[in-house]
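S.K.: What follows is a single structure, and I will ask about it in a moment.
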Amino acid sequence: IGKLPDSSIAESLARLPGMAGERVGGRTSGISVRGFKEDFIGTSLNGRELIGIGDNRGVEYDLYPSEIMTGATIYKTTDASLLVQGIGGTVDLQTVRPLAAQETLTFTGVYEMGGNDSDNPEFDNTGKRYALSFVEKFADDTVGIAVALATTESPRNERKYGVWGYGDNNGASLPFGLDSQAISRVLERDTVSAIFQWRPTDNLDIVVDVLSIDYSDSGVIRGFIEPFELDASSLNGSGANSTGTQTNANPVLRTDPAQKDGELTTVGLNIDYQLNDEWSVKLDVADSSSSKRDLRGESYAGLARSGAEIAAGDQRTRDFVMGPDGIYFTGSTGLDAFSDPNLLQLTGPQQWGGGMAALADQFDTDVLRADGTPYTFINAQDGFLNYADFEEELTTVRLETEGFVEWGIVNKVNVGVAYSDRYKSKDNKGFFATASSYPNSESIPSSYLYNGLADLTWAGMGYVVAYDGFAPYNDGEYELNDAGLLEPDRLGDTYKVYEEVTTLFAKFDFETEI
């Protein structure tokens with residue numbers, strides 16, 4: 001562990017038989033044991049329950065760099081002394097014990113380059129990982145200190161071709177709508193692990209360990225999402241192989257910035273006292289806390305606000321080739337504005353505002369659409385802001401004794417009591433966004449723009465304007481309406497959990513001949 005080029009403990013554990021890595025967005029973040037995903041796996045650190053930063057009891061293993069771990073034990077069967085158990089199994093991660101290790105100083109450096117270049121100008125495809133650790137002993141090997149520092153910056157770049165579904169269109173299998181996006185993200189993680197061990201006598205062993213993790217996963221999802229309309233007279237071919245022209249194209253250039261920030265801290269004390277040659281007593285106390293904000297915005301841009309008249313003579317067409325891998329565009333007319341920030345409008349080109357029906361009066365206006373009727377709430381959604389805040393605290397206390405006995409076939413006993421106090425909360429929030437220019441539209445402010453254009457040529461969609469999707473939220477350009485008042489199911493995903501558990505346990509080892 002830590003010697004192989006694994007970016008997290010998840011990738012190290014996935015090498016073991018009976019286990020598999022669960023990938024999310026190209027990165028291994030979960031572990032499957034005997035087919036059960038991480039939500040069904042109990043996870044502990046040095047025997048103590050480990051918390052995550054998600055919305056359930058599962059642990060995000062990509063939080064933990066492999067460089068700070070010295071081992072892991074996987075339990076595929078139950079055990080009375082395992083207070084952290086899952087249906088699939090239990091993973092116990094272990095950090096070093098200084099007095100049981102050699103004095104070492106280790107430095108690790110890794111430079112990584114992604115196989116895909118970034119299509120978004122504000123990101124690249126290179127990253128790095130550094131780790132420094134040392135173990136020192138003092139006072140005739142009665143005091144030991146181990147410290148591990150690790151930092152990671154790991155990018156990933158993806159190309160997504162999606163559709164709203166396929167249907168038969170004059171004998172050709174064509175999509176109802178398109179969803180093609182260039183995705184760029186970067187994981188940044190800083191970790192500090194410190195262990196202090198003191199053994200004043202042969203019978204007493206005291207260990208204090210601290211783990212602190214600062215985690216960020218940020219990025220952008222940028223591309224076109226739009227309905228697809230065929231010019232029937234242009235169609236050639238049938239089935240999954242055809243060519244033709246998309247007509248009345250009115251794409252939404254959707255920029256979805258994402259920011260996931262989390263912190264996790266755990267502090268533990270373990271005291272092991274040997275009463276005599278046969279019996280020992282152990283006390284373990286730990287306190288853990290974590291917090292996370294998972295933030296994702298949506299910002300729309302296009303040729304004009306939905307309902308507005310687009311310049312006369314602008315045919316807005318694309319020529320396409322349809323194959324088994326999807327649609328590729330070979331040329332277009334009337335869509336040059338997507339590469340010119342002075343022409344592109346910061347507005348919603350499609351009528352997606354139905355969720356604001358309860359606020360219809362707020363969006364009533366005398367300004368008329370191209371069809372002669374006034375603008376309404378249906379034309380008023382220009383973006384959406386979605387985020388969830390997570391908090392978790394866990395305090396555990398465990399007292400146990402272990403000893404050798406001669407009770408018939410029973411030769412060893414382990415009994416104890418454990419107490420845990422947990423608090424966990426999730427606050428799910430969302431806001432409909434409307435540009436201040438409503439019911440009109442304005443071009444994208446120059447202060448929002450990045451240097452360079454986003455590359456969608458791999459889908460035949462050319463180069464498009466790249467801007468900061470969070471900017472209109474941060475500077476007040478968007479007026480927000482609380483989606484929690486309009487979508488009741490959002491309140492159903494907001495909760496607080498208080499939990500106290502007291503556990504008595506006993507385990508007997510036996511040995512006999514049959």
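Following the order of the structure tokens, first chain is A, next is B, and so on, with residues numbered from 1 inside each chain and ligands from 1 in the order they appear.
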Find the residues around stretch 394-401 of chain A up to 10 Å (only C-alpha atoms counted), leave out those fewer than 4 positions away in its own chain, and share them as number ranges by chain.
M.R.: A: 48-51, 81, 83, 266-275, 279-290, 413-424, 499-506
S.K.: Can I get the selection written as a compact mmCIF listing (two decimals), in the first residue's frame, with C-alpha atoms?
M.R.:
```
# COMPACT_ATOMS: atom_id res chain seq x y z
CA ARG A 48 -13.06 2.75 15.16
CA GLU A 49 -16.08 3.58 13.03
CA LEU A 50 -15.16 5.92 10.21
CA ILE A 51 -17.55 8.55 8.92
CA SER A 81 -15.76 -7.82 18.52
CA LEU A 83 -18.71 -3.19 16.19
CA THR A 266 -10.91 12.47 13.64
CA VAL A 267 -9.06 12.31 16.97
CA GLY A 268 -8.61 9.12 18.96
CA LEU A 269 -7.12 7.88 22.25
CA ASN A 270 -6.31 4.23 22.90
CA ILE A 271 -5.06 2.89 26.24
CA ASP A 272 -4.02 -0.75 26.59
CA TYR A 273 -3.10 -2.00 30.09
CA GLN A 274 -1.81 -5.51 30.73
CA LEU A 275 -3.18 -6.55 34.14
CA TRP A 279 -5.63 -10.46 31.24
CA SER A 280 -5.64 -7.00 29.66
CA VAL A 281 -7.98 -4.02 29.61
CA LYS A 282 -8.44 -1.60 26.71
CA LEU A 283 -10.11 1.79 26.52
CA ASP A 284 -10.68 3.55 23.20
CA VAL A 285 -12.23 7.01 22.83
CA ALA A 286 -12.66 8.86 19.54
CA ASP A 287 -14.36 11.94 18.17
CA SER A 288 -14.96 12.56 14.46
CA SER A 289 -16.60 15.35 12.50
CA SER A 290 -17.11 16.09 8.82
CA VAL A 413 -12.64 -14.54 26.29
CA ASN A 414 -13.21 -11.01 25.00
CA VAL A 415 -16.07 -9.00 26.54
CA GLY A 416 -16.85 -5.31 26.53
CA VAL A 417 -19.24 -2.41 26.16
CA ALA A 418 -19.33 0.32 23.53
CA TYR A 419 -21.24 3.58 23.20
CA SER A 420 -21.69 5.82 20.17
CA ASP A 421 -23.38 9.20 19.79
CA ARG A 422 -24.04 10.40 16.24
CA TYR A 423 -25.52 13.51 14.68
CA LYS A 424 -25.97 13.84 10.93
CA GLU A 499 -28.58 8.37 17.20
CA GLU A 500 -27.25 6.85 20.42
CA VAL A 501 -26.26 3.19 20.54
CA THR A 502 -25.01 1.12 23.47
CA THR A 503 -23.62 -2.30 22.61
CA LEU A 504 -22.64 -5.21 24.86
CA PHE A 505 -20.51 -7.87 23.23
CA ALA A 506 -18.78 -11.11 24.11
```
S.K.: Stretch 252-316 of chain A near stretch 184-194 of chain A within 10 Å: what's each residue's closest atom pair and its distance in Å to one decimal, counting only C-alpha atoms, ordered by chain then ascending residue number, as CSV?
M.R.:
```
residue,atom,partner,partner_atom,distance
A:Pro257,CA,A:Arg185,CA,9.7
A:Ala258,CA,A:Arg185,CA,8.5
A:Gln259,CA,A:Arg185,CA,9.3
A:Lys260,CA,A:Leu187,CA,9.4
A:Asp261,CA,A:Glu188,CA,9.4
A:Gly262,CA,A:Arg189,CA,9.5
A:Glu263,CA,A:Arg189,CA,9.7
A:Leu264,CA,A:Thr191,CA,9.6
A:Thr265,CA,A:Val192,CA,9.6
A:Thr266,CA,A:Ser193,CA,9.7
A:Val267,CA,A:Ala194,CA,9.7
```
S.K.: Restricting the output to all heavy atoms, write the selected residues as an mmCIF file, in the first residue's frame.
M.R.:
```
data_model
loop_
_atom_site.group_PDB
_atom_site.id
_atom_site.type_symbol
_atom_site.label_atom_id
_atom_site.label_comp_id
_atom_site.auth_asym_id
_atom_site.auth_seq_id
_atom_site.Cartn_x
_atom_site.Cartn_y
_atom_site.Cartn_z
ATOM 1 N N PRO A 257 -21.171 24.811 -13.654
ATOM 2 C CA PRO A 257 -20.011 24.748 -12.765
ATOM 3 C C PRO A 257 -20.338 23.897 -11.544
ATOM 4 O O PRO A 257 -21.484 23.880 -11.068
ATOM 5 C CB PRO A 257 -19.783 26.213 -12.384
ATOM 6 C CG PRO A 257 -21.150 26.816 -12.447
ATOM 7 C CD PRO A 257 -21.884 26.093 -13.552
ATOM 8 N N ALA A 258 -19.358 23.183 -11.039
ATOM 9 C CA ALA A 258 -19.572 22.307 -9.884
ATOM 10 C C ALA A 258 -18.452 22.497 -8.887
ATOM 11 O O ALA A 258 -17.287 22.639 -9.260
ATOM 12 C CB ALA A 258 -19.634 20.840 -10.333
ATOM 13 N N GLN A 259 -18.810 22.505 -7.612
ATOM 14 C CA GLN A 259 -17.817 22.669 -6.558
ATOM 15 C C GLN A 259 -18.235 21.816 -5.365
ATOM 16 O O GLN A 259 -19.295 22.038 -4.779
ATOM 17 C CB GLN A 259 -17.700 24.133 -6.125
ATOM 18 C CG GLN A 259 -16.656 24.398 -5.049
ATOM 19 C CD GLN A 259 -15.233 24.220 -5.575
ATOM 20 O OE1 GLN A 259 -14.897 24.731 -6.627
ATOM 21 N NE2 GLN A 259 -14.418 23.486 -4.835
ATOM 22 N N LYS A 260 -17.400 20.835 -5.045
ATOM 23 C CA LYS A 260 -17.664 19.966 -3.901
ATOM 24 C C LYS A 260 -16.502 20.137 -2.915
ATOM 25 O O LYS A 260 -15.363 19.786 -3.221
ATOM 26 C CB LYS A 260 -17.782 18.511 -4.345
ATOM 27 C CG LYS A 260 -18.166 17.539 -3.232
ATOM 28 C CD LYS A 260 -18.062 16.093 -3.706
ATOM 29 C CE LYS A 260 -18.997 15.809 -4.858
ATOM 30 N NZ LYS A 260 -18.937 14.387 -5.262
ATOM 31 N N ASP A 261 -16.781 20.694 -1.742
ATOM 32 C CA ASP A 261 -15.750 20.950 -0.733
ATOM 33 C C ASP A 261 -16.108 20.220 0.545
ATOM 34 O O ASP A 261 -17.257 20.312 1.028
ATOM 35 C CB ASP A 261 -15.625 22.447 -0.439
ATOM 36 C CG ASP A 261 -15.145 23.232 -1.646
ATOM 37 O OD1 ASP A 261 -14.099 22.865 -2.190
ATOM 38 O OD2 ASP A 261 -15.825 24.191 -2.039
ATOM 39 N N GLY A 262 -15.125 19.524 1.116
ATOM 40 C CA GLY A 262 -15.381 18.792 2.344
ATOM 41 C C GLY A 262 -14.190 18.805 3.283
ATOM 42 O O GLY A 262 -13.037 18.965 2.857
ATOM 43 N N GLU A 263 -14.479 18.638 4.558
ATOM 44 C CA GLU A 263 -13.445 18.531 5.586
ATOM 45 C C GLU A 263 -13.807 17.385 6.515
ATOM 46 O O GLU A 263 -14.983 17.180 6.838
ATOM 47 C CB GLU A 263 -13.320 19.827 6.393
ATOM 48 C CG GLU A 263 -12.845 21.023 5.599
ATOM 49 C CD GLU A 263 -12.738 22.273 6.458
ATOM 50 O OE1 GLU A 263 -13.224 22.231 7.608
ATOM 51 O OE2 GLU A 263 -12.170 23.268 5.997
ATOM 52 N N LEU A 264 -12.791 16.648 6.938
ATOM 53 C CA LEU A 264 -12.991 15.551 7.873
ATOM 54 C C LEU A 264 -11.868 15.549 8.895
ATOM 55 O O LEU A 264 -10.691 15.661 8.529
ATOM 56 C CB LEU A 264 -13.056 14.211 7.141
ATOM 57 C CG LEU A 264 -13.358 12.976 7.990
ATOM 58 C CD1 LEU A 264 -14.178 11.957 7.198
ATOM 59 C CD2 LEU A 264 -12.075 12.300 8.479
ATOM 60 N N THR A 265 -12.217 15.442 10.168
ATOM 61 C CA THR A 265 -11.227 15.381 11.246
ATOM 62 C C THR A 265 -11.623 14.281 12.220
ATOM 63 O O THR A 265 -12.795 14.167 12.591
ATOM 64 C CB THR A 265 -11.147 16.722 12.001
ATOM 65 O OG1 THR A 265 -10.833 17.771 11.087
ATOM 66 C CG2 THR A 265 -10.087 16.662 13.086
ATOM 67 N N THR A 266 -10.666 13.491 12.629
ATOM 68 C CA THR A 266 -10.909 12.474 13.643
ATOM 69 C C THR A 266 -9.742 12.441 14.614
ATOM 70 O O THR A 266 -8.579 12.534 14.214
ATOM 71 C CB THR A 266 -11.126 11.082 13.000
ATOM 72 O OG1 THR A 266 -11.340 10.108 14.026
ATOM 73 C CG2 THR A 266 -9.948 10.667 12.155
ATOM 74 N N VAL A 267 -10.056 12.355 15.901
ATOM 75 C CA VAL A 267 -9.059 12.310 16.972
ATOM 76 C C VAL A 267 -9.378 11.112 17.849
ATOM 77 O O VAL A 267 -10.538 10.919 18.243
ATOM 78 C CB VAL A 267 -9.066 13.600 17.815
ATOM 79 C CG1 VAL A 267 -8.023 13.523 18.920
ATOM 80 C CG2 VAL A 267 -8.831 14.822 16.934
#
```
S.K.: Could you tell me how far atom CA of A:Phe470 sits from atom CA of A:Glu298, in Å to one decimal place?
M.R.: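 That distance, rounded to one decimal, is 8.3 Å.
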S.K.: Residues at most 6 Å from A:Ser66, counting only C-alpha atoms, excluding those fewer than 2 positions away in the same chain, as a list of chain:residue names?
M.R.: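 Result of the neighbour search: A:Gly2, A:Ser8, A:Ile9, A:Ile68, A:Met69.
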S.K.: Kindly indicate which residue among A:Asp366, A:Asp455, A:Asp39, A:Asp217 lies nearest to A:Arg293, using only C-alpha atoms for the distances.
M.R.: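 Between A:Asp366, A:Asp455, A:Asp39, A:Asp217, the residue approaching A:Arg293 most closely is A:Asp217.
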S.K.: Do a neighbour search on A:Val163 at 9 Å with only C-alpha atoms, toss out local chain neighbours closer than 5 positions, and write the hits as a PyMOL selection string.
M.R.: chain A and resi 175-180+225+326
S.K.: Check stretch 57-101 of chain A with DSSP on the backbone and list each residue it calls strand (DSSP E), as number ranges by chain.
M.R.: A: 71-75, 89-94
S.K.: Tell me which protein, DNA and RNA residues are within 8 Å of A:Leu230, counting only C-alpha atoms, leaving out same-chain ones fewer than 6 positions away, and put them as a ChimeraX atom specification.
M.R.: /A:244-247
S.K.: Can I get the selection written as a PDB file, in the first residue's frame, with N, CA and C atoms?
M.R.:
```
ATOM      1  N   GLY A 244     -28.378  13.830 -43.199  1.00  0.00           N
ATOM      2  CA  GLY A 244     -29.474  14.757 -43.394  1.00  0.00           C
ATOM      3  C   GLY A 244     -29.160  16.101 -42.782  1.00  0.00           C
ATOM      4  N   THR A 245     -30.217  16.860 -42.512  1.00  0.00           N
ATOM      5  CA  THR A 245     -30.065  18.212 -41.994  1.00  0.00           C
ATOM      6  C   THR A 245     -30.996  18.418 -40.799  1.00  0.00           C
ATOM      7  N   GLN A 246     -30.426  18.929 -39.734  1.00  0.00           N
ATOM      8  CA  GLN A 246     -31.235  19.372 -38.601  1.00  0.00           C
ATOM      9  C   GLN A 246     -31.723  20.787 -38.901  1.00  0.00           C
ATOM     10  N   THR A 247     -33.003  21.021 -38.702  1.00  0.00           N
ATOM     11  CA  THR A 247     -33.566  22.330 -39.014  1.00  0.00           C
ATOM     12  C   THR A 247     -34.112  22.989 -37.757  1.00  0.00           C
TER      13      THR A 247
END
```
S.K.: Applying 8 Å and only C-alpha atoms, which residues near A:Gln181 remain after dropping the ones on its own chain fewer than 3 positions away? List them as an MDAnalysis selection string.
M.R.: chainID A and resid 159:161 221:224 456
S.K.: Selected residues, N, CA, C and O atoms, written as a PDB file, in the first residue's frame, please.
M.R.:
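This went into out_37.pdb:
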```pdb
ATOM      1  N   ARG A 159     -15.617  13.377 -22.365  1.00  0.00           N
ATOM      2  CA  ARG A 159     -16.491  13.833 -23.440  1.00  0.00           C
ATOM      3  C   ARG A 159     -17.770  13.019 -23.378  1.00  0.00           C
ATOM      4  O   ARG A 159     -17.743  11.794 -23.464  1.00  0.00           O
ATOM      5  N   LYS A 160     -18.867  13.720 -23.237  1.00  0.00           N
ATOM      6  CA  LYS A 160     -20.154  13.044 -23.078  1.00  0.00           C
ATOM      7  C   LYS A 160     -21.035  13.291 -24.296  1.00  0.00           C
ATOM      8  O   LYS A 160     -21.296  14.439 -24.662  1.00  0.00           O
ATOM      9  N   TYR A 161     -21.464  12.207 -24.919  1.00  0.00           N
ATOM     10  CA  TYR A 161     -22.479  12.299 -25.969  1.00  0.00           C
ATOM     11  C   TYR A 161     -23.741  11.654 -25.419  1.00  0.00           C
ATOM     12  O   TYR A 161     -23.756  10.453 -25.109  1.00  0.00           O
ATOM     13  N   ILE A 221     -19.214  21.346 -16.452  1.00  0.00           N
ATOM     14  CA  ILE A 221     -19.846  20.538 -17.495  1.00  0.00           C
ATOM     15  C   ILE A 221     -20.413  21.532 -18.492  1.00  0.00           C
ATOM     16  O   ILE A 221     -21.338  22.290 -18.176  1.00  0.00           O
ATOM     17  N   ARG A 222     -19.856  21.574 -19.706  1.00  0.00           N
ATOM     18  CA  ARG A 222     -20.205  22.624 -20.668  1.00  0.00           C
ATOM     19  C   ARG A 222     -20.523  22.002 -22.026  1.00  0.00           C
ATOM     20  O   ARG A 222     -19.759  21.180 -22.537  1.00  0.00           O
ATOM     21  N   GLY A 223     -21.632  22.397 -22.601  1.00  0.00           N
ATOM     22  CA  GLY A 223     -21.984  21.874 -23.916  1.00  0.00           C
ATOM     23  C   GLY A 223     -23.393  22.250 -24.311  1.00  0.00           C
ATOM     24  O   GLY A 223     -24.028  23.112 -23.702  1.00  0.00           O
ATOM     25  N   PHE A 224     -23.887  21.571 -25.360  1.00  0.00           N
ATOM     26  CA  PHE A 224     -25.205  21.880 -25.920  1.00  0.00           C
ATOM     27  C   PHE A 224     -26.238  20.877 -25.436  1.00  0.00           C
ATOM     28  O   PHE A 224     -25.983  19.673 -25.369  1.00  0.00           O
ATOM     29  N   LEU A 456     -15.741  21.762 -28.832  1.00  0.00           N
ATOM     30  CA  LEU A 456     -16.757  20.736 -29.083  1.00  0.00           C
ATOM     31  C   LEU A 456     -16.654  20.204 -30.507  1.00  0.00           C
ATOM     32  O   LEU A 456     -17.606  19.630 -31.043  1.00  0.00           O
TER      33      LEU A 456
END
```
S.K.: For A:Gly476, list every protein, DNA or RNA residue within 12 Å, evaluated using only C-alpha atoms, and leave out those in the same chain fewer than 6 positions away; present the list as number ranges by chain.
M.R.: A: 433-437, 470
S.K.: Would you mind reading off the distance between atom CA of A:Ala146 and atom CA of A:Val84, one decimal, in Å?
M.R.: 25.7 Å
